[in-house]
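Peer 1: What follows is final-v6.pdb, made up of PDB, C-alpha atoms:
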```
MODEL        1
ATOM      1  CA  MET A 294       0.000   0.000   0.000
ATOM      2  CA  ALA A 295       1.438   3.352  -1.098
ATOM      3  CA  ASP A 296       0.724   5.143   2.196
ATOM      4  CA  LEU A 297       2.635   2.580   4.287
ATOM      5  CA  ASN A 298       6.397   2.882   4.145
ATOM      6  CA  PRO A 299       7.776   2.296   7.653
ATOM      7  CA  ARG A 300      11.471   2.407   8.474
ATOM      8  CA  TYR A 301      10.992  -0.663  10.655
ATOM      9  CA  ILE A 302       8.416  -3.398  11.036
ATOM     10  CA  THR A 303       8.473  -4.345  14.704
ATOM     11  CA  PHE A 304       7.047  -7.615  15.977
ATOM     12  CA  ASP A 305       5.967  -9.220  19.174
ATOM     13  CA  CYS A 306       7.505 -12.696  19.109
ATOM     14  CA  TYR A 307       5.668 -15.300  21.231
ATOM     15  CA  GLY A 308       2.123 -15.883  20.078
ATOM     16  CA  THR A 309       2.550 -13.636  17.052
ATOM     17  CA  LEU A 310       5.488 -15.330  15.284
ATOM     18  CA  ILE A 311       6.327 -18.256  17.571
ATOM     19  CA  TYR A 312       3.544 -20.685  18.472
ATOM     20  CA  PHE A 313       3.075 -20.033  22.187
ATOM     21  CA  GLU A 314       2.865 -23.376  23.974
ATOM     22  CA  MET A 315       3.054 -22.390  27.647
ATOM     23  CA  SER A 316      -0.489 -23.496  28.420
ATOM     24  CA  ASN A 317       0.083 -26.812  26.632
ATOM     25  CA  VAL A 318       3.193 -27.492  28.684
ATOM     26  CA  ALA A 319       1.285 -26.684  31.867
ATOM     27  CA  ARG A 320      -1.518 -29.031  30.789
ATOM     28  CA  SER A 321       0.931 -31.894  30.371
ATOM     29  CA  ILE A 322       2.537 -31.299  33.774
ATOM     30  CA  TYR A 323      -0.701 -30.927  35.731
ATOM     31  CA  ALA A 324      -2.893 -33.380  33.803
ATOM     32  CA  GLU A 325      -3.271 -35.818  36.707
ATOM     33  CA  SER A 326      -3.469 -33.383  39.601
ATOM     34  CA  LEU A 327      -5.963 -30.981  38.014
ATOM     35  CA  GLN A 328      -8.129 -33.073  35.681
ATOM     36  CA  GLU A 329     -11.494 -31.229  35.366
ATOM     37  CA  ARG A 330      -9.978 -28.079  36.955
ATOM     38  CA  MET A 331      -7.466 -27.651  34.139
ATOM     39  CA  GLU A 332      -9.240 -24.785  32.341
ATOM     40  CA  PRO A 333      -9.504 -22.583  35.466
ATOM     41  CA  PHE A 334      -5.807 -23.262  36.121
ATOM     42  CA  VAL A 335      -4.752 -22.311  32.596
ATOM     43  CA  LYS A 336      -6.803 -19.103  32.746
ATOM     44  CA  ALA A 337      -5.341 -18.217  36.139
ATOM     45  CA  PHE A 338      -1.800 -18.941  34.897
ATOM     46  CA  SER A 339      -2.311 -16.568  31.972
ATOM     47  CA  ALA A 340      -3.767 -13.830  34.177
ATOM     48  CA  TYR A 341      -0.998 -14.094  36.762
ATOM     49  CA  ARG A 342       1.713 -13.913  34.070
ATOM     50  CA  LEU A 343       0.268 -10.587  32.985
ATOM     51  CA  ASP A 344       0.034  -9.360  36.566
ATOM     52  CA  GLU A 345       3.634 -10.383  37.258
ATOM     53  CA  VAL A 346       5.050  -8.223  34.445
ATOM     54  CA  LEU A 347       3.279  -5.009  35.411
ATOM     55  CA  GLY A 348       5.745  -4.062  38.134
ATOM     56  CA  PRO A 349       9.532  -3.637  38.232
ATOM     57  CA  TRP A 350      11.522  -5.991  36.012
ATOM     58  CA  LYS A 351      12.522  -9.384  37.360
ATOM     59  CA  PRO A 352      13.953 -12.394  35.499
ATOM     60  CA  TYR A 353      11.402 -14.148  33.329
ATOM     61  CA  ARG A 354      12.083 -17.431  35.112
ATOM     62  CA  GLN A 355      10.782 -15.726  38.259
ATOM     63  CA  VAL A 356       7.735 -14.403  36.387
ATOM     64  CA  VAL A 357       6.838 -17.967  35.413
ATOM     65  CA  ARG A 358       7.564 -19.370  38.869
ATOM     66  CA  ASN A 359       5.417 -16.728  40.565
ATOM     67  CA  ALA A 360       2.540 -17.196  38.121
ATOM     68  CA  VAL A 361       2.568 -20.982  38.580
ATOM     69  CA  ARG A 362       2.802 -20.661  42.363
ATOM     70  CA  ARG A 363      -0.146 -18.249  42.511
ATOM     71  CA  SER A 364      -2.189 -20.467  40.184
ATOM     72  CA  CYS A 365      -1.482 -23.521  42.334
ATOM     73  CA  LEU A 366      -2.520 -21.628  45.452
ATOM     74  CA  ARG A 367      -5.754 -20.535  43.794
ATOM     75  CA  LEU A 368      -6.620 -24.074  42.647
ATOM     76  CA  ASP A 369      -5.311 -25.752  45.827
ATOM     77  CA  VAL A 370      -2.633 -27.727  43.979
ATOM     78  CA  PRO A 371       0.839 -28.406  45.468
ATOM     79  CA  TYR A 372       3.439 -26.058  44.014
ATOM     80  CA  ARG A 373       6.773 -27.481  42.932
ATOM     81  CA  GLU A 374       9.405 -25.092  41.640
ATOM     82  CA  ALA A 375      10.754 -27.818  39.365
ATOM     83  CA  ASP A 376       7.400 -27.904  37.535
ATOM     84  CA  ALA A 377       7.521 -24.148  36.931
ATOM     85  CA  ASP A 378      11.093 -24.470  35.672
ATOM     86  CA  ARG A 379      10.021 -27.179  33.216
ATOM     87  CA  ILE A 380       7.570 -24.702  31.705
ATOM     88  CA  TYR A 381      10.193 -21.951  31.504
ATOM     89  CA  GLU A 382      12.845 -24.241  30.039
ATOM     90  CA  ALA A 383      10.519 -25.441  27.274
ATOM     91  CA  VAL A 384      10.373 -21.993  25.671
ATOM     92  CA  PRO A 385      13.529 -22.207  23.481
ATOM     93  CA  SER A 386      12.202 -25.367  21.786
ATOM     94  CA  TRP A 387       9.123 -23.648  20.323
ATOM     95  CA  GLY A 388       8.880 -22.968  16.593
ATOM     96  CA  PRO A 389       6.933 -20.600  14.349
ATOM     97  CA  HIS A 390       3.322 -20.652  13.268
ATOM     98  CA  ALA A 391       3.097 -22.332   9.856
ATOM     99  CA  ASP A 392       2.426 -19.077   7.994
ATOM    100  CA  VAL A 393       5.377 -17.184   9.466
ATOM    101  CA  PRO A 394       8.580 -18.169   7.565
ATOM    102  CA  GLU A 395       7.217 -17.436   4.079
ATOM    103  CA  GLY A 396       5.588 -14.168   5.149
ATOM    104  CA  LEU A 397       8.676 -12.949   6.998
ATOM    105  CA  ALA A 398      10.920 -13.785   4.051
ATOM    106  CA  ARG A 399       8.771 -11.598   1.819
ATOM    107  CA  LEU A 400       8.809  -8.725   4.310
ATOM    108  CA  ALA A 401      12.580  -8.997   4.837
ATOM    109  CA  SER A 402      13.134  -8.475   1.103
ATOM    110  CA  ARG A 403      12.072  -4.828   1.530
ATOM    111  CA  TYR A 404      11.899  -3.889   5.210
ATOM    112  CA  LYS A 405      14.081  -3.950   8.300
ATOM    113  CA  LEU A 406      12.513  -6.378  10.764
ATOM    114  CA  VAL A 407      12.763  -5.946  14.534
ATOM    115  CA  ILE A 408      11.520  -7.973  17.511
ATOM    116  CA  LEU A 409      10.444  -6.582  20.882
ATOM    117  CA  SER A 410       9.797  -9.537  23.177
ATOM    118  CA  ASN A 411       9.077 -10.219  26.819
ATOM    119  CA  ALA A 412      11.542 -13.103  26.696
ATOM    120  CA  ALA A 413      14.830 -13.584  28.514
ATOM    121  CA  ASN A 414      18.024 -13.249  26.513
ATOM    122  CA  GLU A 415      18.884 -16.904  27.113
ATOM    123  CA  GLN A 416      15.622 -17.928  25.409
ATOM    124  CA  ILE A 417      14.879 -15.618  22.524
ATOM    125  CA  HIS A 418      17.695 -16.334  20.083
ATOM    126  CA  HIS A 419      16.881 -20.042  19.947
ATOM    127  CA  ASN A 420      13.378 -19.125  18.785
ATOM    128  CA  VAL A 421      14.479 -16.402  16.377
ATOM    129  CA  GLU A 422      16.755 -18.875  14.610
ATOM    130  CA  ARG A 423      13.659 -20.938  13.793
ATOM    131  CA  LEU A 424      11.906 -18.035  12.041
ATOM    132  CA  GLY A 425      14.041 -18.289   8.912
ATOM    133  CA  ALA A 426      14.391 -14.558   8.203
ATOM    134  CA  PRO A 427      17.039 -11.933   8.990
ATOM    135  CA  PHE A 428      16.244  -9.474  11.769
ATOM    136  CA  HIS A 429      17.802  -6.039  12.006
ATOM    137  CA  ALA A 430      17.537  -6.129  15.811
ATOM    138  CA  VAL A 431      16.055  -8.212  18.623
ATOM    139  CA  PHE A 432      15.197  -6.485  21.903
ATOM    140  CA  THR A 433      14.031  -8.207  25.066
ATOM    141  CA  ALA A 434      12.461  -7.190  28.342
ATOM    142  CA  GLU A 435      15.770  -8.123  29.932
ATOM    143  CA  ASP A 436      17.512  -5.546  27.731
ATOM    144  CA  ALA A 437      14.925  -2.867  28.511
ATOM    145  CA  GLN A 438      14.553  -3.914  32.168
ATOM    146  CA  SER A 439      10.808  -3.695  31.643
ATOM    147  CA  TYR A 440       8.067  -5.944  30.292
ATOM    148  CA  LYS A 441       5.263  -5.118  27.917
ATOM    149  CA  PRO A 442       2.578  -3.810  28.307
ATOM    150  CA  ARG A 443       4.580  -1.129  30.121
ATOM    151  CA  MET A 444       5.848   1.624  27.826
ATOM    152  CA  GLN A 445       9.519   1.412  28.772
ATOM    153  CA  GLY A 446      10.311  -1.440  26.381
ATOM    154  CA  PHE A 447       8.880   0.427  23.404
ATOM    155  CA  GLU A 448      10.765   3.570  24.424
ATOM    156  CA  TYR A 449      13.973   1.559  24.791
ATOM    157  CA  MET A 450      13.491   0.073  21.324
ATOM    158  CA  MET A 451      12.891   3.461  19.695
ATOM    159  CA  ALA A 452      15.930   4.950  21.435
ATOM    160  CA  LYS A 453      18.135   2.092  20.232
ATOM    161  CA  LEU A 454      16.775   2.378  16.681
ATOM    162  CA  GLY A 455      17.034   6.159  16.693
ATOM    163  CA  CYS A 456      13.467   6.602  15.551
ATOM    164  CA  GLY A 457      10.042   7.770  16.656
ATOM    165  CA  PRO A 458       6.554   6.291  16.640
ATOM    166  CA  GLN A 459       5.965   7.549  13.105
ATOM    167  CA  ASP A 460       8.774   5.291  11.820
ATOM    168  CA  LEU A 461       7.308   2.021  13.072
ATOM    169  CA  PHE A 462       4.712  -0.495  11.951
ATOM    170  CA  HIS A 463       4.088  -2.656  15.009
ATOM    171  CA  VAL A 464       2.662  -6.164  14.677
ATOM    172  CA  SER A 465       1.191  -8.333  17.429
ATOM    173  CA  SER A 466      -1.476 -10.898  18.170
ATOM    174  CA  SER A 467      -2.102  -9.245  21.557
ATOM    175  CA  LEU A 468      -4.038  -6.087  22.261
ATOM    176  CA  ARG A 469      -3.296  -6.168  25.988
ATOM    177  CA  TYR A 470       0.452  -6.690  25.780
ATOM    178  CA  ASP A 471       1.258  -4.663  22.665
ATOM    179  CA  LEU A 472      -1.279  -2.790  20.621
ATOM    180  CA  MET A 473      -2.968  -0.807  23.395
ATOM    181  CA  THR A 474       0.430   0.459  24.533
ATOM    182  CA  ALA A 475       1.534   1.158  20.964
ATOM    183  CA  HIS A 476      -1.650   3.175  20.477
ATOM    184  CA  ASP A 477      -0.991   5.190  23.624
ATOM    185  CA  LEU A 478       2.570   5.908  22.467
ATOM    186  CA  GLY A 479       1.363   7.312  19.149
ATOM    187  CA  ILE A 480       2.397   4.402  16.945
ATOM    188  CA  LYS A 481      -0.189   4.958  14.233
ATOM    189  CA  ASN A 482       0.623   2.022  11.969
ATOM    190  CA  LYS A 483      -0.174  -1.302  13.589
ATOM    191  CA  ALA A 484      -1.402  -4.760  12.649
ATOM    192  CA  PHE A 485      -3.353  -7.230  14.761
ATOM    193  CA  VAL A 486      -2.634 -10.840  13.797
ATOM    194  CA  ALA A 487      -5.846 -12.667  14.681
ATOM    195  CA  ARG A 488      -4.437 -15.845  16.262
ATOM    196  CA  GLY A 489      -7.553 -16.410  18.361
ATOM    197  CA  HIS A 490      -6.225 -15.683  21.845
ATOM    198  CA  GLU A 491      -7.751 -12.195  22.139
ATOM    199  CA  PRO A 492     -10.781 -10.521  20.570
ATOM    200  CA  SER A 493     -10.386  -7.728  18.077
ATOM    201  CA  THR A 494     -10.899  -4.222  19.467
ATOM    202  CA  PRO A 495     -10.913  -1.835  16.484
ATOM    203  CA  TYR A 496     -10.885   1.282  18.683
ATOM    204  CA  TYR A 497      -7.086   0.936  18.868
ATOM    205  CA  GLY A 498      -6.680   1.613  15.157
ATOM    206  CA  TYR A 499      -4.929  -1.238  13.375
ATOM    207  CA  TYR A 500      -5.077  -3.393  10.279
ATOM    208  CA  GLU A 501      -6.334  -6.891  11.056
ATOM    209  CA  VAL A 502      -4.699  -9.833   9.296
ATOM    210  CA  ALA A 503      -4.963 -13.595   9.668
ATOM    211  CA  THR A 504      -1.386 -14.458   8.665
ATOM    212  CA  ILE A 505       2.037 -12.903   8.217
ATOM    213  CA  GLY A 506       1.663 -13.558   4.493
ATOM    214  CA  GLU A 507      -1.439 -11.377   4.502
ATOM    215  CA  LEU A 508       0.605  -8.713   6.277
ATOM    216  CA  ALA A 509       3.252  -8.914   3.534
ATOM    217  CA  THR A 510       0.572  -8.424   0.896
ATOM    218  CA  LEU A 511      -0.784  -5.437   2.833
ATOM    219  CA  LEU A 512       2.694  -3.920   2.784
ATOM    220  CA  GLY A 513       3.153  -4.532  -0.906
ATOM    221  CA  VAL A 514       5.575  -7.472  -1.015
TER     222      VAL A 514
ENDMDL
END
```
Mind converting the file's structure to structure tokens?
Peer 2:
Amino acid sequence: MADLNPRYITFDCYGTLIYFEMSNVARSIYAESLQERMEPFVKAFSAYRLDEVLGPWKPYRQVVRNAVRRSCLRLDVPYREADADRIYEAVPSWGPHADVPEGLARLASRYKLVILSNAANEQIHHNVERLGAPFHAVFTAEDAQSYKPRMQGFEYMMAKLGCGPQDLFHVSSSLRYDLMTAHDLGIKNKAFVARGHEPSTPYYGYYEVATIGELATLLGV
């Protein structure tokens, strides 16, 4: 599209590009102890992960441990730190959604691609290697010392890139972690990848796409 010519296309990673399997790992660990209470546990685990990243930065391993511990307390399930660590340590093994490699390759032929992720540095590069496209830069919450949806990570990224909100096209499958904050920071050009984990909320002003290939077509490649 002629009116879209960003300096950088910036991406959330987990859930948007990488298939996010944290709930599936938790299901496998707690299958016997939770049984019919699994869905409330998974929902609590997701909610507590968000709550854990809203304050001062702490290592992502601790975010996961705290979220599992609080979920176990809520569902009256014994908490074992080793179980939480199994979930955290599974992250580097995750690969991309099926539509991602081809779409990213098309985008990389014209644009500089950047990742802003809530991951730890020891995790993220294993996943990025599986995406099959060159990235200009990869920034983590550990680098920024702040997690999304707080603004500090976006501000850190823009400072490192030497750009402003007008230079970015930000892409995410999450309104709560990414696109609401991007909207508040004045990032006009955004895309919501409808992966099914959050409902669309058009108030926040974005293009909605089903795949990264559809995003590439939107951006003219």
Peer 1: Step by step, work through what the PyMOL selection byres ((chain A and resi 436) around 10) selects in the shown file, and finish by giving those residues as a PDB file with C-alpha atoms, keeping the file's coordinate frame.
Peer 2:
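Listing of out_18.pdb after writing:
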```
ATOM      1  CA  LEU A 409      10.444  -6.582  20.882  1.00  0.00           C
ATOM      2  CA  SER A 410       9.797  -9.537  23.177  1.00  0.00           C
ATOM      3  CA  ASN A 411       9.077 -10.219  26.819  1.00  0.00           C
ATOM      4  CA  ALA A 412      11.542 -13.103  26.696  1.00  0.00           C
ATOM      5  CA  ALA A 413      14.830 -13.584  28.514  1.00  0.00           C
ATOM      6  CA  ASN A 414      18.024 -13.249  26.513  1.00  0.00           C
ATOM      7  CA  VAL A 431      16.055  -8.212  18.623  1.00  0.00           C
ATOM      8  CA  PHE A 432      15.197  -6.485  21.903  1.00  0.00           C
ATOM      9  CA  THR A 433      14.031  -8.207  25.066  1.00  0.00           C
ATOM     10  CA  ALA A 434      12.461  -7.190  28.342  1.00  0.00           C
ATOM     11  CA  GLU A 435      15.770  -8.123  29.932  1.00  0.00           C
ATOM     12  CA  ALA A 437      14.925  -2.867  28.511  1.00  0.00           C
ATOM     13  CA  GLN A 438      14.553  -3.914  32.168  1.00  0.00           C
ATOM     14  CA  SER A 439      10.808  -3.695  31.643  1.00  0.00           C
ATOM     15  CA  TYR A 440       8.067  -5.944  30.292  1.00  0.00           C
ATOM     16  CA  GLY A 446      10.311  -1.440  26.381  1.00  0.00           C
ATOM     17  CA  TYR A 449      13.973   1.559  24.791  1.00  0.00           C
ATOM     18  CA  MET A 450      13.491   0.073  21.324  1.00  0.00           C
TER      19      MET A 450
END
```
Peer 1: For Asn420 of chain A, find every residue with an atom within 7 Å (counting only C-alpha atoms), except residues of its own chain fewer than 5 positions away, and show them as a PyMOL selection string.
Peer 2: chain A and resi 385+387-388
Peer 1: Going by the chain IDs and residue numbers used in this file, which residues fall under the PyMOL selection byres ((chain A and resi 308-325) around 10)? Write them as a ChimeraX atom specification.
Peer 2: /A:304-307,326-332,334-336,338-339,357,361,365,370,376-377,379-381,383-384,386-394,397,408,420-421,423-424,464-467,485-490,504-505
Peer 1: Looking at all atoms listed in the file, which of A:Met473, A:Leu297, A:Ala426, A:Met451 is the one that sits closest to Ala401 of chain A?
Peer 2: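 Going through A:Met473, A:Leu297, A:Ala426, A:Met451 one by one, the smallest distance to Ala401 of chain A is for A:Ala426.
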Peer 1: Within 12 Å of Gln459 of chain A, counting all atoms listed in the file, which residues show up once you throw out same-chain ones fewer than 2 positions away? Write them as a list in words, please.
Peer 2: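 Counting all atoms listed in the file, the residues come to Leu297, Asn298, Pro299, Arg300, Tyr301, Ile302, Met451, Gly455, Cys456, Gly457, Leu461, Phe462, His463, Ala475, His476, Leu478, Gly479, Ile480, Lys481, Asn482 and Lys483 of chain A.
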Peer 1: Give me the residues within 8 Å of segment 344-346 of chain A as a ChimeraX atom specification, counting all atoms listed in the file and dropping any in the same chain fewer than 5 places off.
Peer 2: /A:356,359-360,439-442
Peer 1: Could you jot down the atom CA of His419 of chain A to atom CA of Tyr353 of chain A separation for me, Å, one decimal place?
Peer 2: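 Separation between atom CA of His419 of chain A and atom CA of Tyr353 of chain A: 15.6 Å.
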Peer 1: State, in Å with one decimal place, the distance from atom CA of Pro495 of chain A to atom CA of Phe447 of chain A.
Peer 2: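 Computing it gives 21.1 Å between the two atoms.
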Peer 1: If you take every atom of segment 338-346 of chain A that the file lists and fit an axis-aligned box around them with 4 Å extra on each side, what centre and edge lengths come out in Å to one decimal, as lines of an AutoDock Vina configuration file?
Peer 2:
```
center_x = 0.6
center_y = -13.6
center_z = 34.6
size_x = 16.8
size_y = 18.7
size_z = 13.3
```
